[in-house]
Amino acid sequence: MDRLTDTLTDTGTVDTDRISEPVHVGGPDGPWQRVREGMRARGNATVFTTWGEWLGTAVTDPGLRPLLGRDWQRYRRTADPLIRYRFVTSRLVTKFTAAAALGTRATDLNLAYKIGGRPYLRGLDQVDISLTHTDDLIAVGVSRNGRIGVDAEPADRPMSFDLLHGHMCSPAERAELERMPPEQRSAALLRLWTLKEAYTKAIGQGLRLGFTEFGFGGGDETGLLTPAGRPASRGEWAFGTHRVLGRYLLSVACHDAGLDTSRDTAFGSMLDEGFMGAVAGLLDPGPPDGPAPGPGT
């Protein structure tokens with residue numbers, strides 16, 4: 001059987017030694033233990049949920065303003081109710097996921113955005129996060145080992161080989177797809193699309209990196225490949241695709257920078273020292289310049 005025709009089961013195709021299995025989290029109460037376990041064991045975690053499962057928190061939580069932090073004003077300015085509640089839900093899921101991974105409270109984290117809109121945790125450069133959403137699904141990936149990217153699509157999304165192969169397939173992938181029965185190509189293309197989206201998100205390129213310039217295998221061969229189909233990395237990248245909620249494909253790309261062997265994911269000990277120094281200076285600026293005032297002044 002060709003590599004790209006291997007059946008994707010509910011457990012997916014994934015490097016289980018290096019990528020944690022995605023966790024379904026139905027609301028702020030969790031379950032979060034599996035997120036913490038994934039961070040301890042593999043240095044990464046991915047959660048998925050739906051808008052509706054978090055809508056009650058987004059609408060009624062009296063602590064919404066401190067939870068959103070700097071995003072509060074953007075939330076208030078968004079006129080369309082659907083867009084507003086989808087925005088706030090995605091931010092809540094991101095902050096609660098990161099908080100679980102770091103062993104702290106969601107209100108302790110400051111979510112900010114890079115050019116292009118990629119979220120990051122201010123003052124926590126050792127932690128990378130990625131957010132994706134499609135239809136009613138939201139997924140968030142967190143990693144302490146290096147870059148992470150996540151992408152999801154409805155599993156029944158039609159993908160036309162004739163229209164897309166020239167834009168998204170490497171020569172090796174195209175040759176393999178051409179050997180497949182036509183009725184199997186759409187599912188294989190969709191898997192490749194989500195993997196490529198996840199990878200380019202992880203490296204911060206998005207659609208700016210041509211999808212024909214790299215490739216993937218199928219089944220257990222989930223590594224990064226050259227356009228000709230040869231290995232393109234030395235094992236620093238791990239990839240996986242899962243079917244979640246029975247109707248979505250969720251792909252994860254994880255990079256291991258090989259710089260930090262610590263298993264510590266505690267919020268207090270992972271804070272950037274420069275950031276903490278700045279905070280300490282603001283809280284305790286010390287005595288004013290010049291001589292101390294004498295008695296009676």
# chains A, B, ... in the order shown; residues from 1 in each chain; ligands from 1
>>> residues_around(residues="segment 152-160 of chain A", least_positions_apart="2", cutoff="6 Å", atoms="only C-alpha atoms", output="count of residues only")
8
>>> residues_around(residues="Ser20 of chain A", least_positions_apart="3", cutoff="10 Å", atoms="only C-alpha atoms", output="tab-separated table (two decimals) with N, CA and C atoms, in the first residue's frame")
chain	number	residue	atom	x	y	z
A	14	VAL	N	1.01	9.55	14.43
A	14	VAL	CA	1.69	10.50	15.30
A	14	VAL	C	2.94	9.87	15.89
A	15	ASP	N	3.96	10.70	16.13
A	15	ASP	CA	5.16	10.29	16.84
A	15	ASP	C	4.84	10.33	18.33
A	16	THR	N	4.34	9.20	18.86
A	16	THR	CA	3.84	9.18	20.24
A	16	THR	C	4.94	9.35	21.27
A	17	ASP	N	6.19	9.10	20.89
A	17	ASP	CA	7.28	9.28	21.84
A	17	ASP	C	7.58	10.75	22.09
A	23	VAL	N	-5.84	16.55	23.97
A	23	VAL	CA	-6.77	16.37	25.08
A	23	VAL	C	-8.04	17.19	24.83
A	34	ARG	N	-4.01	15.83	32.24
A	34	ARG	CA	-3.31	15.25	31.10
A	34	ARG	C	-2.44	16.26	30.37
A	35	VAL	N	-2.82	17.53	30.44
A	35	VAL	CA	-1.98	18.59	29.88
A	35	VAL	C	-0.67	18.67	30.66
A	37	GLU	N	0.65	16.33	32.48
A	37	GLU	CA	1.41	15.10	32.24
A	37	GLU	C	2.15	15.14	30.91
A	38	GLY	N	1.48	15.65	29.88
A	38	GLY	CA	2.13	15.77	28.58
A	38	GLY	C	3.33	16.69	28.61
A	39	MET	N	3.22	17.79	29.34
A	39	MET	CA	4.34	18.72	29.46
A	39	MET	C	5.51	18.07	30.19
A	41	ALA	N	6.16	14.77	30.44
A	41	ALA	CA	6.70	13.61	29.76
A	41	ALA	C	7.36	13.95	28.43
A	42	ARG	N	6.76	14.89	27.66
A	42	ARG	CA	7.24	15.15	26.31
A	42	ARG	C	7.54	16.62	26.04
A	43	GLY	N	7.22	17.48	27.00
A	43	GLY	CA	7.51	18.90	26.81
A	43	GLY	C	6.51	19.64	25.97
A	44	ASN	N	5.38	19.01	25.62
A	44	ASN	CA	4.36	19.68	24.83
A	44	ASN	C	2.99	19.13	25.16
A	45	ALA	N	1.97	19.89	24.82
A	45	ALA	CA	0.58	19.48	25.03
A	45	ALA	C	-0.30	20.20	24.03
A	46	THR	N	-1.37	19.54	23.62
A	46	THR	CA	-2.35	20.13	22.71
A	46	THR	C	-3.74	19.85	23.24
A	47	VAL	N	-4.59	20.86	23.26
A	47	VAL	CA	-5.97	20.67	23.68
A	47	VAL	C	-6.89	21.07	22.53
A	141	GLY	N	-1.83	24.52	21.01
A	141	GLY	CA	-0.63	23.74	21.31
A	141	GLY	C	0.32	24.56	22.15
A	240	GLY	N	2.40	14.84	13.82
A	240	GLY	CA	1.31	13.89	14.00
A	240	GLY	C	-0.02	14.45	13.56
A	252	VAL	N	-0.21	18.41	14.31
A	252	VAL	CA	0.70	19.08	15.23
A	252	VAL	C	2.13	18.93	14.71
>>> residues_around(residues="segment 165-174 of chain A", least_positions_apart="3", cutoff="6 Å", atoms="only C-alpha atoms", output="PyMOL selection string")
chain A and resi 161+177+211-212+215+227-229
>>> write_last_selection(atoms="N, CA and C atoms", output="PDB file, in the first residue's frame")
ATOM      1  N   PHE A 161      -7.417  17.111  -6.264  1.00  0.00           N
ATOM      2  CA  PHE A 161      -6.042  16.867  -6.691  1.00  0.00           C
ATOM      3  C   PHE A 161      -5.712  17.660  -7.948  1.00  0.00           C
ATOM      4  N   LEU A 177       0.637  10.435  -4.994  1.00  0.00           N
ATOM      5  CA  LEU A 177      -0.813  10.632  -5.098  1.00  0.00           C
ATOM      6  C   LEU A 177      -1.348  10.148  -6.445  1.00  0.00           C
ATOM      7  N   PHE A 211       4.260  25.471  -0.342  1.00  0.00           N
ATOM      8  CA  PHE A 211       3.999  24.112   0.113  1.00  0.00           C
ATOM      9  C   PHE A 211       4.644  23.064  -0.785  1.00  0.00           C
ATOM     10  N   THR A 212       5.083  23.439  -1.979  1.00  0.00           N
ATOM     11  CA  THR A 212       5.746  22.476  -2.856  1.00  0.00           C
ATOM     12  C   THR A 212       7.226  22.326  -2.522  1.00  0.00           C
ATOM     13  N   GLY A 215       7.910  18.271   1.980  1.00  0.00           N
ATOM     14  CA  GLY A 215       6.874  17.250   1.902  1.00  0.00           C
ATOM     15  C   GLY A 215       6.830  16.363   3.122  1.00  0.00           C
ATOM     16  N   PRO A 227      11.639  18.027  -1.457  1.00  0.00           N
ATOM     17  CA  PRO A 227      10.721  17.851  -2.591  1.00  0.00           C
ATOM     18  C   PRO A 227      10.900  16.516  -3.306  1.00  0.00           C
ATOM     19  N   ALA A 228      12.124  15.970  -3.273  1.00  0.00           N
ATOM     20  CA  ALA A 228      12.381  14.694  -3.937  1.00  0.00           C
ATOM     21  C   ALA A 228      12.009  13.502  -3.068  1.00  0.00           C
ATOM     22  N   GLY A 229      11.603  13.745  -1.818  1.00  0.00           N
ATOM     23  CA  GLY A 229      11.178  12.653  -0.953  1.00  0.00           C
ATOM     24  C   GLY A 229      12.237  12.136  -0.008  1.00  0.00           C
TER      25      GLY A 229
END
>>> atom_distance(atom1="atom CA of Asp71 of chain A", atom2="atom CA of Ile203 of chain A")
24.7 Å
>>> atom_distance(atom1="atom CA of Arg18 of chain A", atom2="atom CA of Leu137 of chain A")
24.0 Å
>>> select_by_dssp(residues="segment 22-199 of chain A", states="helix (DSSP H, G or I)", output="VMD selection string")
chain A and resid 33 to 42 51 to 60 64 to 77 81 to 102 106 to 108 161 to 168 171 to 178 182 to 199
>>> write_last_selection(atoms="C-alpha atoms", output="PDB file, in the first residue's frame")
ATOM      1  CA  GLN A  33      -4.085  16.827  34.469  1.00  0.00           C
ATOM      2  CA  ARG A  34      -3.313  15.246  31.101  1.00  0.00           C
ATOM      3  CA  VAL A  35      -1.978  18.587  29.882  1.00  0.00           C
ATOM      4  CA  ARG A  36       0.420  18.723  32.812  1.00  0.00           C
ATOM      5  CA  GLU A  37       1.409  15.096  32.244  1.00  0.00           C
ATOM      6  CA  GLY A  38       2.126  15.767  28.578  1.00  0.00           C
ATOM      7  CA  MET A  39       4.339  18.716  29.458  1.00  0.00           C
ATOM      8  CA  ARG A  40       6.285  16.657  31.998  1.00  0.00           C
ATOM      9  CA  ALA A  41       6.702  13.613  29.756  1.00  0.00           C
ATOM     10  CA  ARG A  42       7.237  15.150  26.306  1.00  0.00           C
ATOM     11  CA  TRP A  51     -16.987  27.283  20.993  1.00  0.00           C
ATOM     12  CA  GLY A  52     -20.205  26.105  22.589  1.00  0.00           C
ATOM     13  CA  GLU A  53     -18.478  24.313  25.451  1.00  0.00           C
ATOM     14  CA  TRP A  54     -16.877  27.581  26.594  1.00  0.00           C
ATOM     15  CA  LEU A  55     -19.680  29.967  25.687  1.00  0.00           C
ATOM     16  CA  GLY A  56     -21.101  30.076  29.215  1.00  0.00           C
ATOM     17  CA  THR A  57     -17.764  31.246  30.604  1.00  0.00           C
ATOM     18  CA  ALA A  58     -17.355  33.794  27.815  1.00  0.00           C
ATOM     19  CA  VAL A  59     -20.795  35.284  28.503  1.00  0.00           C
ATOM     20  CA  THR A  60     -21.269  35.068  32.261  1.00  0.00           C
ATOM     21  CA  LEU A  64     -13.723  38.034  32.286  1.00  0.00           C
ATOM     22  CA  ARG A  65     -11.936  41.388  32.213  1.00  0.00           C
ATOM     23  CA  PRO A  66      -8.855  40.288  34.207  1.00  0.00           C
ATOM     24  CA  LEU A  67      -8.822  37.019  32.264  1.00  0.00           C
ATOM     25  CA  LEU A  68      -8.656  38.860  28.938  1.00  0.00           C
ATOM     26  CA  GLY A  69      -6.157  41.454  30.115  1.00  0.00           C
ATOM     27  CA  ARG A  70      -5.016  43.584  27.155  1.00  0.00           C
ATOM     28  CA  ASP A  71      -7.567  41.852  24.904  1.00  0.00           C
ATOM     29  CA  TRP A  72     -10.479  43.342  26.891  1.00  0.00           C
ATOM     30  CA  GLN A  73     -10.708  46.509  24.799  1.00  0.00           C
ATOM     31  CA  ARG A  74     -10.615  44.587  21.533  1.00  0.00           C
ATOM     32  CA  TYR A  75     -13.386  42.363  22.857  1.00  0.00           C
ATOM     33  CA  ARG A  76     -15.497  45.378  23.814  1.00  0.00           C
ATOM     34  CA  ARG A  77     -14.965  47.097  20.453  1.00  0.00           C
ATOM     35  CA  PRO A  81     -21.747  39.152  18.624  1.00  0.00           C
ATOM     36  CA  LEU A  82     -20.605  35.961  16.895  1.00  0.00           C
ATOM     37  CA  ILE A  83     -17.142  37.329  16.143  1.00  0.00           C
ATOM     38  CA  ARG A  84     -16.892  38.796  19.644  1.00  0.00           C
ATOM     39  CA  TYR A  85     -17.692  35.551  21.454  1.00  0.00           C
ATOM     40  CA  ARG A  86     -15.520  33.452  19.174  1.00  0.00           C
ATOM     41  CA  PHE A  87     -12.652  35.851  19.850  1.00  0.00           C
ATOM     42  CA  VAL A  88     -13.052  35.757  23.598  1.00  0.00           C
ATOM     43  CA  THR A  89     -13.477  31.967  23.656  1.00  0.00           C
ATOM     44  CA  SER A  90     -10.275  31.367  21.698  1.00  0.00           C
ATOM     45  CA  ARG A  91      -8.350  33.621  24.101  1.00  0.00           C
ATOM     46  CA  LEU A  92      -9.788  31.912  27.158  1.00  0.00           C
ATOM     47  CA  VAL A  93      -8.872  28.471  25.843  1.00  0.00           C
ATOM     48  CA  THR A  94      -5.357  29.671  25.050  1.00  0.00           C
ATOM     49  CA  LYS A  95      -4.779  31.207  28.476  1.00  0.00           C
ATOM     50  CA  PHE A  96      -6.269  28.312  30.455  1.00  0.00           C
ATOM     51  CA  THR A  97      -4.230  25.815  28.448  1.00  0.00           C
ATOM     52  CA  ALA A  98      -1.008  27.727  28.996  1.00  0.00           C
ATOM     53  CA  ALA A  99      -1.843  28.153  32.687  1.00  0.00           C
ATOM     54  CA  ALA A 100      -2.359  24.402  33.095  1.00  0.00           C
ATOM     55  CA  ALA A 101       0.913  23.684  31.309  1.00  0.00           C
ATOM     56  CA  LEU A 102       2.791  26.135  33.554  1.00  0.00           C
ATOM     57  CA  ALA A 106      -4.823  32.122  33.747  1.00  0.00           C
ATOM     58  CA  THR A 107      -4.967  35.680  35.106  1.00  0.00           C
ATOM     59  CA  ASP A 108      -1.208  35.539  35.818  1.00  0.00           C
ATOM     60  CA  PHE A 161      -6.042  16.867  -6.691  1.00  0.00           C
ATOM     61  CA  ASP A 162      -6.383  18.398 -10.160  1.00  0.00           C
ATOM     62  CA  LEU A 163      -6.725  21.928  -8.755  1.00  0.00           C
ATOM     63  CA  LEU A 164      -4.306  21.737  -5.823  1.00  0.00           C
ATOM     64  CA  HIS A 165      -1.403  19.431  -6.608  1.00  0.00           C
ATOM     65  CA  GLY A 166       0.546  22.146  -8.413  1.00  0.00           C
ATOM     66  CA  HIS A 167       0.206  24.509  -5.448  1.00  0.00           C
ATOM     67  CA  MET A 168       0.719  22.239  -2.425  1.00  0.00           C
ATOM     68  CA  PRO A 171       7.167  16.260  -6.796  1.00  0.00           C
ATOM     69  CA  ALA A 172       7.484  13.136  -4.605  1.00  0.00           C
ATOM     70  CA  GLU A 173       4.035  13.667  -3.073  1.00  0.00           C
ATOM     71  CA  ARG A 174       2.476  14.292  -6.455  1.00  0.00           C
ATOM     72  CA  ALA A 175       3.944  11.066  -7.857  1.00  0.00           C
ATOM     73  CA  GLU A 176       2.658   9.104  -4.890  1.00  0.00           C
ATOM     74  CA  LEU A 177      -0.813  10.632  -5.098  1.00  0.00           C
ATOM     75  CA  GLU A 178      -1.013   9.872  -8.806  1.00  0.00           C
ATOM     76  CA  PRO A 182      -8.859   8.858  -7.210  1.00  0.00           C
ATOM     77  CA  GLU A 183     -11.412   8.379  -4.412  1.00  0.00           C
ATOM     78  CA  GLN A 184      -8.612   8.282  -1.811  1.00  0.00           C
ATOM     79  CA  ARG A 185      -6.768  11.389  -2.923  1.00  0.00           C
ATOM     80  CA  SER A 186      -8.975  13.951  -1.174  1.00  0.00           C
ATOM     81  CA  ALA A 187      -8.349  12.510   2.306  1.00  0.00           C
ATOM     82  CA  ALA A 188      -4.610  12.181   1.621  1.00  0.00           C
ATOM     83  CA  LEU A 189      -4.428  15.786   0.390  1.00  0.00           C
ATOM     84  CA  LEU A 190      -6.271  17.041   3.459  1.00  0.00           C
ATOM     85  CA  ARG A 191      -3.829  15.304   5.777  1.00  0.00           C
ATOM     86  CA  LEU A 192      -0.902  16.830   3.872  1.00  0.00           C
ATOM     87  CA  TRP A 193      -2.533  20.274   3.980  1.00  0.00           C
ATOM     88  CA  THR A 194      -2.951  20.257   7.773  1.00  0.00           C
ATOM     89  CA  LEU A 195       0.596  18.979   8.321  1.00  0.00           C
ATOM     90  CA  LYS A 196       2.031  21.673   6.073  1.00  0.00           C
ATOM     91  CA  GLU A 197      -0.038  24.384   7.736  1.00  0.00           C
ATOM     92  CA  ALA A 198       1.099  23.201  11.171  1.00  0.00           C
ATOM     93  CA  TYR A 199       4.765  23.158  10.125  1.00  0.00           C
TER      94      TYR A 199
END
>>> atom_distance(atom1="atom CA of Gln205 of chain A", atom2="atom CA of Gly117 of chain A")
11.9 Å
